[in-house]
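Colleague: Here it is: the structure, laid out below.
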Amino acid sequence: MSHLLLVEDNALVASGIQAGLALHGLHSDWAPSARAAQAHLAARAYDACVLDLGLPDGDGMQLLRRWRAAGQTLPVLILSARSTLQDKVQGLQDGSDDYLAKPFDLPELVARLQALMRRAGGRASAHLHIAGYDIDMDSASVWQQGQRVELARREWALLQALIQARGRVLSPAQLHDHLYGLAQDVESNAINVHVHHLRKKLGPHLIETVRGQGFRLGGPP
Ligand code: CA
C-alpha cells in the first residue's frame with residue numbers, strides 16, 4: 001500500500017487527514033514539526049508527502065528547498081493556508097509538485113495525491129496491463145480475462161511495490177518496510193508467505209525470485 005508522510009503541526013487537522021487517507025488505502029506517518037519530518041524521511045522511503053508550511057520549528061518551504069538541494073525526489077504536495085497566486089507559484093517553483101490551499105476538500109486531496117504518485121511511477125494512467133493481467137492501481141484491483149482476482153491487503157501492497165519498482169529487484173527488507181513500516185514486529189518469513197500466496201493466485205511467473213537479492217516483477221515464461 002502507499003505510504004505517505006504528513007507534515008502538519010495541527011493535531012486535529014492531521015488526524016482528520018490521516019483518517020481520510022486511510023479510507024482510500026493510503027497509510028501515513030504524522031510529523032508535527034520540521035524536525036520530525038526530517039527524522040521520518042531519514043528512516044524510510046515514502047511514496048509522497050503532504051507538507052504544511054507554517055510549522056512550529058521552521059518553514060515548510062525551507063524544508064522543501066533543503067530536500068530538493070539534497071536530491072530528494074519525493075513527490076510533495078503543499079497544503080497551506082497561504083493561498084495567494086504568488087504563494088502557489090513560489091511553492092511550485094521551489095520544488096513542490098502540487099499545491100492545495102486550505103480549507104480543502106478531502107476527496108480533492110486524495111485525488112491529487114493519487115495523481116502525483118501515478119506520475120512519479122511514470123504512469124499517466126492508473127490502468128496497467130502486465131503479463132495478461134489488467135491492474136487498476138487506484139482501486140487496487142486485478143483482473144485476469146475479465147475475472148477479478150481477490151488479493152488480501154498485504155498481497156496487494158507487495159504487488160504494488162514490485163509494480164512501482166518497474167523491474168528493479170526489491171530485497172525482502174525493502175518489501176517488509178513497504179508493507180509494515182518500521183514499528184511493527186512481524187515474523188521474518190512474512191514476505192515469503194505473501195509471495196507464496198500471490199503466486200498461487202497469479203501464477204508462478206509474475207513474481208520472479210532473484211537469488212540472494214530479492215524479488216522483481218517478471219513476465220510470462
Ligand atoms: Ca501549520
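Ligands are numbered from 1 in the order shown, chains are lettered A, B, ... in the order of the C-alpha cells, and residues start at 1 in each chain.
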Tell me, counting only C-alpha atoms and all ligand atoms, for each residue of chain A within 7 Å of ligand 1, which pair of atoms is nearest and how far apart they are in Å to one decimal, in rows ordered by chain and increasing number, as a Markdown table.
Modeller:
```
| residue | atom | partner | partner_atom_place_in_ligand_line | distance |
| --- | --- | --- | --- | --- |
| A:Glu8 | CA | ligand 1 | 1 (Ca) | 5.8 |
| A:Asp9 | CA | ligand 1 | 1 (Ca) | 5.1 |
| A:Asn10 | CA | ligand 1 | 1 (Ca) | 6.1 |
| A:Asp52 | CA | ligand 1 | 1 (Ca) | 5.6 |
| A:Leu53 | CA | ligand 1 | 1 (Ca) | 6.0 |
| A:Gly54 | CA | ligand 1 | 1 (Ca) | 4.0 |
| A:Leu55 | CA | ligand 1 | 1 (Ca) | 5.0 |
```
Colleague: Once you have the residues from the selection above, write them out as a PDB file, in the first residue's frame, restricted to C-alpha atoms.
Modeller:
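Once written, result.pdb looks like this:
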```pdb
ATOM      1  CA  GLU A   8       1.221  19.169   9.789  1.00  0.00           C
ATOM      2  CA  ASP A   9       1.509  20.777  13.209  1.00  0.00           C
ATOM      3  CA  ASN A  10      -2.224  20.946  13.934  1.00  0.00           C
ATOM      4  CA  ASP A  52       2.153  22.245   5.672  1.00  0.00           C
ATOM      5  CA  LEU A  53       4.154  25.478   5.507  1.00  0.00           C
ATOM      6  CA  GLY A  54       3.654  27.085   8.919  1.00  0.00           C
ATOM      7  CA  LEU A  55       5.478  24.728  11.271  1.00  0.00           C
TER       8      LEU A  55
END
```
Colleague: Name all residues at most 12 Å from stretch 34-46 of chain A (count only C-alpha atoms; drop same-chain ones fewer than 4 positions away) and give them as a tab-separated table (two decimals) with N, CA and C atoms, in the first residue's frame.
Modeller:
```tsv
chain	number	residue	atom	x	y	z
A	1	MET	N	0.85	-1.20	0.00
A	1	MET	CA	0.00	0.00	0.00
A	1	MET	C	0.88	1.23	0.00
A	2	SER	N	0.30	2.32	-0.45
A	2	SER	CA	1.09	3.55	-0.47
A	2	SER	C	1.32	4.07	0.94
A	3	HIS	N	2.45	4.69	1.11
A	3	HIS	CA	2.85	5.17	2.44
A	3	HIS	C	3.24	6.63	2.32
A	4	LEU	N	2.50	7.49	3.02
A	4	LEU	CA	2.71	8.93	2.88
A	4	LEU	C	3.27	9.53	4.16
A	5	LEU	N	3.95	10.64	3.98
A	5	LEU	CA	4.41	11.43	5.12
A	5	LEU	C	3.54	12.68	5.21
A	6	LEU	N	2.91	12.86	6.36
A	6	LEU	CA	2.06	14.03	6.57
A	6	LEU	C	2.75	14.97	7.55
A	7	VAL	N	3.15	16.14	7.04
A	7	VAL	CA	3.82	17.13	7.87
A	7	VAL	C	2.81	18.22	8.18
A	8	GLU	N	2.34	18.27	9.42
A	8	GLU	CA	1.22	19.17	9.79
A	8	GLU	C	1.26	19.34	11.31
A	9	ASP	N	1.36	20.59	11.77
A	9	ASP	CA	1.51	20.78	13.21
A	9	ASP	C	0.18	20.77	13.96
A	26	LEU	N	-4.52	4.71	1.87
A	26	LEU	CA	-3.25	5.43	1.93
A	26	LEU	C	-2.80	5.52	3.38
A	27	HIS	N	-1.76	4.79	3.71
A	27	HIS	CA	-1.24	4.82	5.07
A	27	HIS	C	-0.34	6.04	5.21
A	28	SER	N	-0.35	6.68	6.39
A	28	SER	CA	0.51	7.86	6.55
A	28	SER	C	1.16	7.90	7.92
A	29	ASP	N	2.37	8.46	7.95
A	29	ASP	CA	3.04	8.76	9.20
A	29	ASP	C	2.89	10.25	9.44
A	30	TRP	N	2.68	10.61	10.70
A	30	TRP	CA	2.46	12.02	11.03
A	30	TRP	C	3.73	12.65	11.60
A	50	VAL	N	2.65	15.21	2.16
A	50	VAL	CA	1.76	16.36	2.28
A	50	VAL	C	2.44	17.32	3.24
A	51	LEU	N	2.72	18.53	2.77
A	51	LEU	CA	3.57	19.44	3.54
A	51	LEU	C	2.84	20.74	3.88
A	52	ASP	N	2.65	20.97	5.17
A	52	ASP	CA	2.15	22.24	5.67
A	52	ASP	C	3.33	23.23	5.67
A	53	LEU	N	3.04	24.52	5.56
A	53	LEU	CA	4.15	25.48	5.51
A	53	LEU	C	4.46	26.11	6.87
A	54	GLY	N	3.42	26.46	7.62
A	54	GLY	CA	3.65	27.09	8.92
A	54	GLY	C	3.89	26.02	9.98
A	55	LEU	N	5.15	25.76	10.29
A	55	LEU	CA	5.48	24.73	11.27
A	55	LEU	C	6.11	25.38	12.49
A	56	PRO	N	5.99	24.75	13.66
A	56	PRO	CA	6.45	25.39	14.90
A	56	PRO	C	7.96	25.62	14.92
A	57	ASP	N	8.70	24.80	14.22
A	57	ASP	CA	10.17	24.93	14.27
A	57	ASP	C	10.77	25.31	12.93
A	58	GLY	N	9.97	25.92	12.08
A	58	GLY	CA	10.54	26.35	10.80
A	58	GLY	C	9.49	26.48	9.74
A	59	ASP	N	9.95	26.78	8.54
A	59	ASP	CA	9.05	27.00	7.43
A	59	ASP	C	9.12	25.80	6.48
A	60	GLY	N	7.94	25.31	6.08
A	60	GLY	CA	7.88	24.15	5.20
A	60	GLY	C	8.62	24.38	3.89
A	61	MET	N	8.58	25.64	3.41
A	61	MET	CA	9.28	25.93	2.15
A	61	MET	C	10.78	25.72	2.29
A	62	GLN	N	11.32	26.14	3.43
A	62	GLN	CA	12.76	25.94	3.65
A	62	GLN	C	13.10	24.46	3.70
A	63	LEU	N	12.23	23.71	4.37
A	63	LEU	CA	12.43	22.26	4.47
A	63	LEU	C	12.45	21.66	3.05
A	64	LEU	N	11.49	22.07	2.24
A	64	LEU	CA	11.39	21.54	0.88
A	64	LEU	C	12.62	21.91	0.06
A	66	ARG	N	15.55	22.45	1.15
A	66	ARG	CA	16.68	21.64	1.64
A	66	ARG	C	16.61	20.23	1.04
A	67	TRP	N	15.40	19.66	1.04
A	67	TRP	CA	15.24	18.32	0.46
A	67	TRP	C	15.67	18.30	-1.00
A	72	GLN	N	16.53	14.98	-2.98
A	72	GLN	CA	15.34	14.22	-2.58
A	72	GLN	C	14.23	14.44	-3.62
A	73	THR	N	13.79	13.34	-4.25
A	73	THR	CA	12.81	13.48	-5.34
A	73	THR	C	11.38	13.14	-4.92
A	74	LEU	N	11.18	12.85	-3.64
A	74	LEU	CA	9.85	12.53	-3.12
A	74	LEU	C	8.78	13.51	-3.64
A	75	PRO	N	7.67	12.99	-4.21
A	75	PRO	CA	6.59	13.89	-4.63
A	75	PRO	C	6.00	14.64	-3.42
A	76	VAL	N	5.90	15.96	-3.53
A	76	VAL	CA	5.43	16.77	-2.41
A	76	VAL	C	4.22	17.60	-2.83
A	117	MET	N	1.32	10.33	-7.33
A	117	MET	CA	2.05	9.06	-7.20
A	117	MET	C	2.06	8.31	-8.52
A	120	ALA	N	4.72	9.98	-10.55
A	120	ALA	CA	6.05	9.63	-10.02
A	120	ALA	C	6.43	8.23	-10.43
A	161	ALA	N	4.22	-2.65	-4.73
A	161	ALA	CA	5.63	-2.24	-4.56
A	161	ALA	C	6.47	-2.72	-5.73
A	173	ALA	N	13.90	-6.99	2.81
A	173	ALA	CA	13.87	-5.90	3.80
A	173	ALA	C	13.12	-4.68	3.25
A	174	GLN	N	13.34	-4.36	1.97
A	174	GLN	CA	12.63	-3.22	1.37
A	174	GLN	C	11.13	-3.49	1.30
A	175	LEU	N	10.79	-4.72	0.93
A	175	LEU	CA	9.37	-5.07	0.84
A	175	LEU	C	8.74	-5.06	2.23
A	176	HIS	N	9.48	-5.56	3.18
A	176	HIS	CA	9.00	-5.55	4.57
A	176	HIS	C	8.70	-4.13	5.02
A	177	ASP	N	9.62	-3.23	4.69
A	177	ASP	CA	9.47	-1.82	5.04
A	177	ASP	C	8.23	-1.24	4.38
A	178	HIS	N	8.03	-1.60	3.11
A	178	HIS	CA	6.88	-1.09	2.37
A	178	HIS	C	5.57	-1.59	2.97
A	179	LEU	N	5.55	-2.84	3.42
A	179	LEU	CA	4.31	-3.43	3.91
A	179	LEU	C	4.02	-3.08	5.37
A	180	TYR	N	5.06	-2.98	6.14
A	180	TYR	CA	4.82	-2.88	7.59
A	180	TYR	C	5.39	-1.62	8.23
A	181	GLY	N	6.20	-0.83	7.48
A	181	GLY	CA	6.82	0.31	8.11
A	181	GLY	C	7.85	-0.14	9.12
A	182	LEU	N	8.17	0.74	10.03
A	182	LEU	CA	9.26	0.44	10.96
A	182	LEU	C	8.78	-0.18	12.26
A	183	ALA	N	7.58	0.16	12.64
A	183	ALA	CA	7.20	-0.05	14.04
A	183	ALA	C	6.84	-1.49	14.39
```
Colleague: DSSP on the backbone, then: every residue of stretch 133-201 of chain A marked strand (DSSP E or B), written as a count of residues only.
Modeller: 12
Colleague: Considering only C-alpha atoms, state which residue in the set A:Leu198, A:Cys49, A:Val193, A:Leu217 is at the smallest distance from A:Arg168.
Modeller: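 Using only C-alpha atoms, A:Arg168 sits closest to A:Leu217.
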Colleague: Leaving out A:Glu150 and any residue of its chain fewer than 6 positions from it, which residues lie within 12 Å of it when counting only C-alpha atoms, given as a list in words?
Modeller: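 Once the adjacent positions are removed, what remains is Ile135, Ala140, Ser141, Val142, Trp143, Gln144, Trp156, His197, Leu198, Lys200, Lys201 and Leu202 of chain A.
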Colleague: Using the chain letters and numbers from this document, which residues of chain A does DSSP assign to helix (DSSP H, G or I), as a count of residues only?
Modeller: 91
Colleague: Tell me, in Å to one decimal, how far atom CA of A:Gly167 is from atom CA of A:Arg216.
Modeller: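 Between atom CA of A:Gly167 and atom CA of A:Arg216 the gap is 5.7 Å.
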Colleague: Show me, as a list in words, the residues that have an atom within 8 Å of A:Met137 when counting only C-alpha atoms, minus same-chain residues fewer than 4 positions from it.
Modeller: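 Listed by chain and then number, they are Ala126, His127, Leu128, Ser141 and Gln160 of chain A.
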Colleague: Output the selection as a PDB file, in the first residue's frame - N, CA and C atoms for each residue.
Modeller:
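What landed in out.pdb:
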```
ATOM      1  N   ALA A 126      -3.988   5.030 -14.491  1.00  0.00           N
ATOM      2  CA  ALA A 126      -3.997   4.121 -13.349  1.00  0.00           C
ATOM      3  C   ALA A 126      -4.185   2.675 -13.796  1.00  0.00           C
ATOM      4  N   HIS A 127      -4.426   2.468 -15.108  1.00  0.00           N
ATOM      5  CA  HIS A 127      -4.694   1.119 -15.601  1.00  0.00           C
ATOM      6  C   HIS A 127      -3.460   0.534 -16.278  1.00  0.00           C
ATOM      7  N   LEU A 128      -3.074  -0.651 -15.853  1.00  0.00           N
ATOM      8  CA  LEU A 128      -1.899  -1.304 -16.416  1.00  0.00           C
ATOM      9  C   LEU A 128      -2.280  -2.661 -16.973  1.00  0.00           C
ATOM     10  N   SER A 141      -7.165  -3.235  -7.785  1.00  0.00           N
ATOM     11  CA  SER A 141      -7.838  -4.448  -8.244  1.00  0.00           C
ATOM     12  C   SER A 141      -7.127  -5.066  -9.444  1.00  0.00           C
ATOM     13  N   GLN A 160       1.973  -4.113  -5.527  1.00  0.00           N
ATOM     14  CA  GLN A 160       2.072  -2.692  -5.845  1.00  0.00           C
ATOM     15  C   GLN A 160       3.526  -2.210  -5.767  1.00  0.00           C
TER      16      GLN A 160
END
```
Colleague: Work out how far apart atom CA of A:Arg68 and atom CA of A:Asp94 are and give it in Å to one decimal.
Modeller: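 Pair atom CA of A:Arg68 / atom CA of A:Asp94 returns 8.3 Å.
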